[in-house]
Each structure stands twice: as C-alpha cells, then as structure tokens.
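Below you'll find the structure, written out as structure tokens, and then a few comments.
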There are 2 protein chains.
Amino acid sequence: MGDRVAKDALFDGFAEVAKAMANGRRAELIDVLAQGERHVEELADEIGQSVANSSFHLRTLATTGLVTTRREGTRIYYRLTSDRVAELWSALRDVAAAHYAELDDLAAAYLGDRSRLEEITQAQLAERLAAGDVIVLDVRPTAEYAAGHIAGAHSIPVDQLAAALKAVPRDVDVVAYCRGPYCVMADDAVRLLRRRGRRALRLTDGFPEWQRAQLPVEMEVAS
Amino acid sequence: MGDRVAKDALFDGFAEVAKAMANGRRAELIDVLAQGERHVEELADEIGQSVANSSFHLRTLATTGLVTTRREGTRIYYRLTSDRVAELWSALRDVAAAHYAELDDLAAAYLGDRSRLEEITQAQLAERLAAGDVIVLDVRPTAEYAAGHIAGAHSIPVDQLAAALKAVPRDVDVVAYCRGPYCVMADDAVRLLRRRGRRALRLTDGFPEWQRAQLPVEMEVAS
DNA sequence: CAAATACTCAAGGAACTACTTGAACAGTCG
DNA sequence: CGACTGTTCAAGTAGTTCCTTGAGTATTTG
C-alpha cells in the first residue's frame with residue numbers, strides 16, 4: 001500500500017482544507033465572502049467577532065489558499081480565491097442539510113418556520129424573468145447589489161422595504177432573493193410583502209448560486 | 001442581522017460536517033469508502049490504525065451522517081450515506097489541489113514523479129472504449145472490481161500484474177485505472193507495463209468519478 | 001515627518017481532539 | 001445455552017484550537 005507516512009501526510013493535507021472550514025465563524029466568513037470582497041472590519045462586524053479574532057480566522061483561511069487579499073489604501077480586502085471555493089462551501093451545506101440530522105433543528109431555530117413561504121427555483125425564475133411577468137427584488141445591502149445581481153433585479157435592502165413599498169407594482173408577482181438558502185433577508189422581505197397583501201415568493205438559492213449557474217447577471221460599472 | 005446566537009449555532013452545524021472530514025485518517029476512510037462498503041477491520045487495515053481508533057473515527061463520521069452501517073452476520077459494514085458525500089470529498093480534493101500550496105509537495109512525495117506518465121481523461125477513454133481500440137485494466141483489489149467497474153474493464157490487481165502480463169494483448173494501448181487521482185495503483189501498473197514495452201496510460205480519475213459521471217459501469221451479480 | 005487608521009501578531013488560559021490500552025458489549029454459531 | 005468474534009466504549013495523556021488582551025506594523029493623510 002505504498003508509503004504509509006507519505007500517504008498519511010497527503011491526506012493530512014486534504015484534512016487541512018477541511019479544517020479551514022471546520023469552524024462556525026470561518027464558515028460565516030466564507031458565506032459572506034461568497035457575495036464579494038470585504039475588508040476586515042466589515043467581516044468582523046458581519047460575524048460578530050473582534051477584529052483581532054476575525055483577522056486570525058482570515059489568516060487561517062488564507063494559509064490553505066481559500067481566500068486572497070488585495071490592498072486598497074489603508075484597507076485590506078479579502079475575497080474567495082475562486083468559484084471552486086464557493087462550490088465547495090455549497091457542497092458542504094448540501095451534505096449537511098441532507099445527512100446531518102441535527103441541522104434541521106438548527107436551521108429551524110435560525111430561519112423560523114418556512115413552511116408558509118412560497119419558493120421558486122432558479123430555473124422557474126429564469127423562465128418567468130424571460131417572460132417578463134415578475135418583479136425581482138434584491139434585498140441585500142446595496143454594496144452587494146452593486147457588486148453583482150440578477151439581471152433586471154431592483155435593489156431594495158430589506159430594512160428599507162417597508163418605506164419603499166409604494167414603488168413596488170401591485171399587479172404582479174414579486175420574487176425576493178438574498179445571499180443564499182440560509183439567509184433570512186429574503187424571508188423577512190416575503191413575509192412583509194405578504195402581510196401587505198402582495199403575492200411574494202422567495203428564490204430558493206441566492207445570488208452566488210445564480211451566478212455559478214451561468215444565469216444572466218448585471219453589475220454596477222465603476223464610474 | 002437576525003438572531004446572532006441561532007446563526008452562530010447554524011454555522012457551527014455546517015462546521016461539524018467539515019470537522020468530520022478535518023482529519024487525515026477520516027479523509028482516508030472516506031476515500032476508501034468511496035469505492036464501496038467495508039467492515040471495520042478492513043478499514044483499520046486500509047488506514048493503518050488500530051481497530052479501536054478506526055471505530056472511533058467511523059463513529060465521528062456516522063454522527064454527522066456521512067457514513068451508514070449495515071450488519072451482516074458478525075460484521076458491520078460501513079458505507080458512504082450517498083453520492084453527495086463522495087462529491088463533497090471530490091470537491092475538497094479539487095480545492096486543495098488548486099489552492100493549497102503545500103499540497104503539491106505532499107502529493108509529489110506520495111505519488112512520485114508523474115510527469116512521464118501519460119494520462120487519459122474520462123471523456124477520451126469513453127470515446128476510445130466505444131471505438132474498441134483500447135484495453136482497460138482495473139488494477140484495484142478484486143473485491144472492489146466486483147463491487148463495480150468500468151464497463152468492459154478486466155480485473156488484474158496491481159500485485160498480480162507482472163504474473164498476468166502474458167494475458168494482456170501486445171498490439172493495443174492499455175489504460176489502467178484505480179481508486180482516484182491520488183491512488184498509486186494505476187501509476188505502478190502503468191510504469192510496469194511501460195518497462196515491459198507496452199504503451200500504457202493512466203486514467204486521470206478513478207472508478208468513483210467515472211460512476212458519478214454516469215459513464216457505463218458493470219458489476220458482478222451476487223450469485 | 002507625525003498622527004491616524006487598518007490590520008496583524010504574541011501570549012496565555014480554557015476547551016477540545018487524537019490515539020492508546022484494556023474492558024464491555026452485542027450478535028452468531030456450534 | 002455458552003463460547004467466540006467483531007465492534008464499541010471509557011479513561012487517560014499529549015497535543016491542538018479558540019478567543020481575549022494588548023502591543024506592534026504597514027500605509028495614508030495632514
């Protein structure tokens with residue numbers, strides 16, 4: 001069976017990459033970075049940790065090559081090294097959802113009851129977008145919308161939705177989307193819209209999955 | 001940003017699954033189980049660990065739902081819960097190979113110099129198999145061949161190849177394959193064949209990848 | 001050049017992880 | 001039923017990981 005020591009070392013190498021993702025805070029970082037690049041303070045804020053600790057976790061991710069940095073003035077921006085990392089993250093989520101029994105409870109505790117939220121798949125939305133019989137709302141923060149969004153989507157961050165309701169046409173279905181299947185922003189948006197009597201649906205996945213599926217996207221051009 | 005505690009718990013849940021893979025010995029277990037089910041003693045032997053320790057690692061994998069068991073007589077057989085787990089493992093390997101700098105050295109130390117081994121991709125092999133101008137050798141142990149192999153492949157475990165050389169036709173290219181991209185059995189087979197003057201190539205991936213790509217497979221029917 | 005900003009590094013303690021040894025627990029087969 | 005086999009559990013030790021605090025290092029701006 002070949003060289004035991006070298007084989008163990010090689011598999012320890014694969015395990016290093018798994019270890020990089022084997023921490024809830026680092027998982028959150030990957031999830032946020034799948035939306036686009038961020039600097040350390042933003043990331044620390046996003047995961048609710050100190051800047052020092054976030055920096056430490058980012059370093060861990062960088063050591064295994066999952067994230068890369070770019071300096072701009074006094075800030076350092078982190079991003080996922082490639083789409084493959086986002087795919088790996090997505091595969092991990094899927095396996096967890098499918099096979100890890102306790103995940104259901106954890107997801108329910110964070111997401112609340114989704115049974116009454118109507119969902120729409122990527123394929124269905126792509127079709128209806130082409131047909132033009134639907135309004136799509138990107139309810140993520142505007143910076144994420146600017147970095148890339150579903151072609152034709154309108155930016156209304158979820159915390160501004162109540163105020164912007166009047167701008168949303170009444171006579172057509174509304175689809176809200178956000179960061180991904182475990183993001184609550186679109187859920188909140190859909191619940192609000194339905195309370196106000198609109199017919200609203202949630203896109204099952206988020207923007208990163210849409211983009212990876214090669215469906216049409218747009219981005220704000222730097223001026 | 002919703003409920004911090006619940007969000008952290010959810011992402012800790014995803015991290016649990018990554019943790020299950022975040023150990024070299026467990027990674028080896030997953031790699032072996034991707035070939036088919038095994039009982040504990042075989043697995044312990046395969047990863048060069050005590051039965052007790054292997055059992056412990058298998059339990060860890062079972063807790064996150066990555067593996068499942070089945071009893072047959074006095075033995076307990078473990079297998080991957082689904083193809084998704086194999087896909088996740090494959091995605092992890094790919095990311096490690098693409099982004100984790102140190103992996104190259106580790107792989108080189110275990111696999112040796114592959115630069116002089118000619119390779120063939122799944123697609124190319126599928127085409128040549130259809131055309132019938134190639135002999136395919138499955139050089140894994142016979143039990144793995146029996147559990148499933150590339151349609152039309154012949155079983156010659158690598159340690160029996162030297163003795164069985166005469167049975168391999170001289171006038172046609174030979175393709176050897178084994179467990180996957182980080183398995184040395186096909187490498188050894190190809191090197192041996194070339195030393196004996198045959199034109200031999202290595203299939204880039206192994207059997208699990210072939211099967212997941214929906215390419216034609218066969219298996220020994222239980223009698 | 002000095003001050004300010006953004007980030008990283010180092011030390012330290014609490015909590016977890018890996019592996020070993022030896023005992024306990026099923027099921028199965030005579 | 002009772003011995004046997006294959007597997008799991010428990011205890012113990014050495015080593016690793018996580019997060020905090022506070023100091024240190026780049027880079028930009030005044």
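Chains: A, B, ... in order of the structure tokens. Residues: from 1 per chain. Ligands: from 1, in order shown.
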Problem - Backbone DSSP call of strand (DSSP E or B) for chain B, listed as a PyMOL selection string - result: chain B and resi 38-39+67-72+75-80+119-120+134-138+149-150+154-155+173-177+200-203+217-218
Handout entry: Residues within 9 Å of segment 128-142 of chain B, only C-alpha atoms (C1' of nucleotides), excluding chain neighbours under 6 positions, as an NGL selection string
Key = :B and (149-161 or 168-169 or 172-179 or 185-186 or 189 or 207)
Practice task
Find the residues of chain C in contact range of chain A, meaning any atom within 10 Å when counting only C-alpha atoms (C1' of nucleotides), and list them as a VMD selection string.
Solution key: chain C and resid 5 to 9
Exercise for the section: When you get a sec, could you note down which chain A residues fall within 7 Å of chain B, using only C-alpha atoms, as a PyMOL selection string? Expected result: chain A and resi 3+6-19+21-24+27-28+64-66+84-85+88+91-93+95-96+99-100+103+106-107+109-110
Exercise for the section: Pick out each residue of segment 115-198 of chain B that DSSP on the backbone tags as helix (DSSP H, G or I); I need them as a ChimeraX atom specification. Expected result: /B:122-131,142-147,158-167,185-195
Could you save those same residues with C-alpha atoms as an mmCIF file, in the first residue's frame?
```cif
data_model
loop_
_atom_site.group_PDB
_atom_site.id
_atom_site.type_symbol
_atom_site.label_atom_id
_atom_site.label_comp_id
_atom_site.auth_asym_id
_atom_site.auth_seq_id
_atom_site.Cartn_x
_atom_site.Cartn_y
_atom_site.Cartn_z
ATOM 1 C CA GLN B 122 -12.775 10.140 -18.786
ATOM 2 C CA ALA B 123 -14.213 11.604 -21.972
ATOM 3 C CA GLN B 124 -11.312 10.397 -24.109
ATOM 4 C CA LEU B 125 -11.484 6.920 -22.621
ATOM 5 C CA ALA B 126 -15.248 6.694 -23.088
ATOM 6 C CA GLU B 127 -14.747 7.505 -26.747
ATOM 7 C CA ARG B 128 -11.935 5.019 -27.269
ATOM 8 C CA LEU B 129 -13.831 2.321 -25.388
ATOM 9 C CA ALA B 130 -16.760 2.835 -27.728
ATOM 10 C CA ALA B 131 -14.389 2.595 -30.688
ATOM 11 C CA THR B 142 -10.763 -7.911 -6.864
ATOM 12 C CA ALA B 143 -13.441 -7.146 -4.252
ATOM 13 C CA GLU B 144 -13.593 -3.565 -5.479
ATOM 14 C CA TYR B 145 -13.784 -4.707 -9.097
ATOM 15 C CA ALA B 146 -16.653 -6.996 -8.132
ATOM 16 C CA ALA B 147 -18.491 -4.143 -6.409
ATOM 17 C CA VAL B 158 -1.601 -4.431 -9.475
ATOM 18 C CA ASP B 159 0.295 -7.001 -7.403
ATOM 19 C CA GLN B 160 -0.649 -9.715 -9.870
ATOM 20 C CA LEU B 161 0.063 -7.712 -12.988
ATOM 21 C CA ALA B 162 3.611 -8.937 -13.538
ATOM 22 C CA ALA B 163 2.427 -12.542 -13.487
ATOM 23 C CA ALA B 164 -0.561 -11.841 -15.718
ATOM 24 C CA LEU B 165 1.303 -9.817 -18.318
ATOM 25 C CA LYS B 166 1.069 -12.505 -20.962
ATOM 26 C CA ALA B 167 -2.700 -12.267 -20.933
ATOM 27 C CA MET B 185 -2.006 1.562 -8.012
ATOM 28 C CA ALA B 186 -2.620 2.641 -11.619
ATOM 29 C CA ASP B 187 0.670 4.567 -11.596
ATOM 30 C CA ASP B 188 2.538 1.430 -10.575
ATOM 31 C CA ALA B 189 0.715 -0.594 -13.204
ATOM 32 C CA VAL B 190 1.482 1.875 -15.991
ATOM 33 C CA ARG B 191 5.149 2.066 -15.002
ATOM 34 C CA LEU B 192 5.419 -1.718 -15.023
ATOM 35 C CA LEU B 193 3.709 -2.020 -18.383
ATOM 36 C CA ARG B 194 5.962 0.592 -19.961
ATOM 37 C CA ARG B 195 9.064 -1.106 -18.626
#
```
Contacts of DG30 of chain D at 12 Å (only C-alpha atoms (C1' of nucleotides); same-chain gap of 3+ positions) as an mmCIF file with C-alpha atoms (C1' of nucleotides), in the first residue's frame:
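The result, written out as part_17.cif:
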```cif
data_model
loop_
_atom_site.group_PDB
_atom_site.id
_atom_site.type_symbol
_atom_site.label_atom_id
_atom_site.label_comp_id
_atom_site.auth_asym_id
_atom_site.auth_seq_id
_atom_site.Cartn_x
_atom_site.Cartn_y
_atom_site.Cartn_z
ATOM 1 C "C1'" DC C 1 7.682 63.903 9.493
ATOM 2 C "C1'" DA C 2 3.768 62.959 12.813
ATOM 3 C "C1'" DA C 3 -0.688 61.318 13.622
ATOM 4 C "C1'" DA C 4 -4.263 58.382 12.380
#
```
Which chain D residues have any atom within 10 Å of an atom of chain A, and for each, what is the nearest pair of atoms with distance in Å to one decimal, counting only C-alpha atoms (C1' of nucleotides), rows sorted by chain and number, as CSV?
```
residue,atom,partner,partner_atom,distance
D:DT17,C1',A:Asn23,CA,9.9
D:DC18,C1',A:Asn53,CA,8.9
D:DC19,C1',A:Asn53,CA,6.8
D:DT20,C1',A:Asn53,CA,8.6
D:DT21,C1',A:Ala52,CA,9.9
D:DA26,C1',A:Thr74,CA,8.5
D:DT27,C1',A:Thr74,CA,5.5
D:DT28,C1',A:Thr74,CA,6.3
```
Write out the residues from the selection above, keeping C-alpha atoms (C1' of nucleotides), as a PDB file, in the first residue's frame.
```
ATOM      1  C1'  DT D  17      -7.722  25.162  18.792  1.00  0.00           C
ATOM      2  C1'  DC D  18     -10.337  29.330  20.118  1.00  0.00           C
ATOM      3  C1'  DC D  19     -10.776  33.729  21.833  1.00  0.00           C
ATOM      4  C1'  DT D  20      -9.150  37.824  24.594  1.00  0.00           C
ATOM      5  C1'  DT D  21      -5.986  41.460  25.604  1.00  0.00           C
ATOM      6  C1'  DA D  26       2.144  48.922   7.465  1.00  0.00           C
ATOM      7  C1'  DT D  27       0.138  52.690   4.772  1.00  0.00           C
ATOM      8  C1'  DT D  28      -2.108  57.053   4.086  1.00  0.00           C
TER       9       DT D  28
END
```
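Interatomic distance, atom CA of Thr60 of chain B against atom CA of Leu80 of chain A: 28.9 Å.
Here atom CA of Arg70 of chain B stands at a distance of 20.0 Å from atom CA of Met219 of chain B.
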Exercise for the section: Could you tell me how far atom CA of Arg202 of chain B lies from atom CA of Glu118 of chain B, in Å and to one decimal? Expected result: 6.2 Å
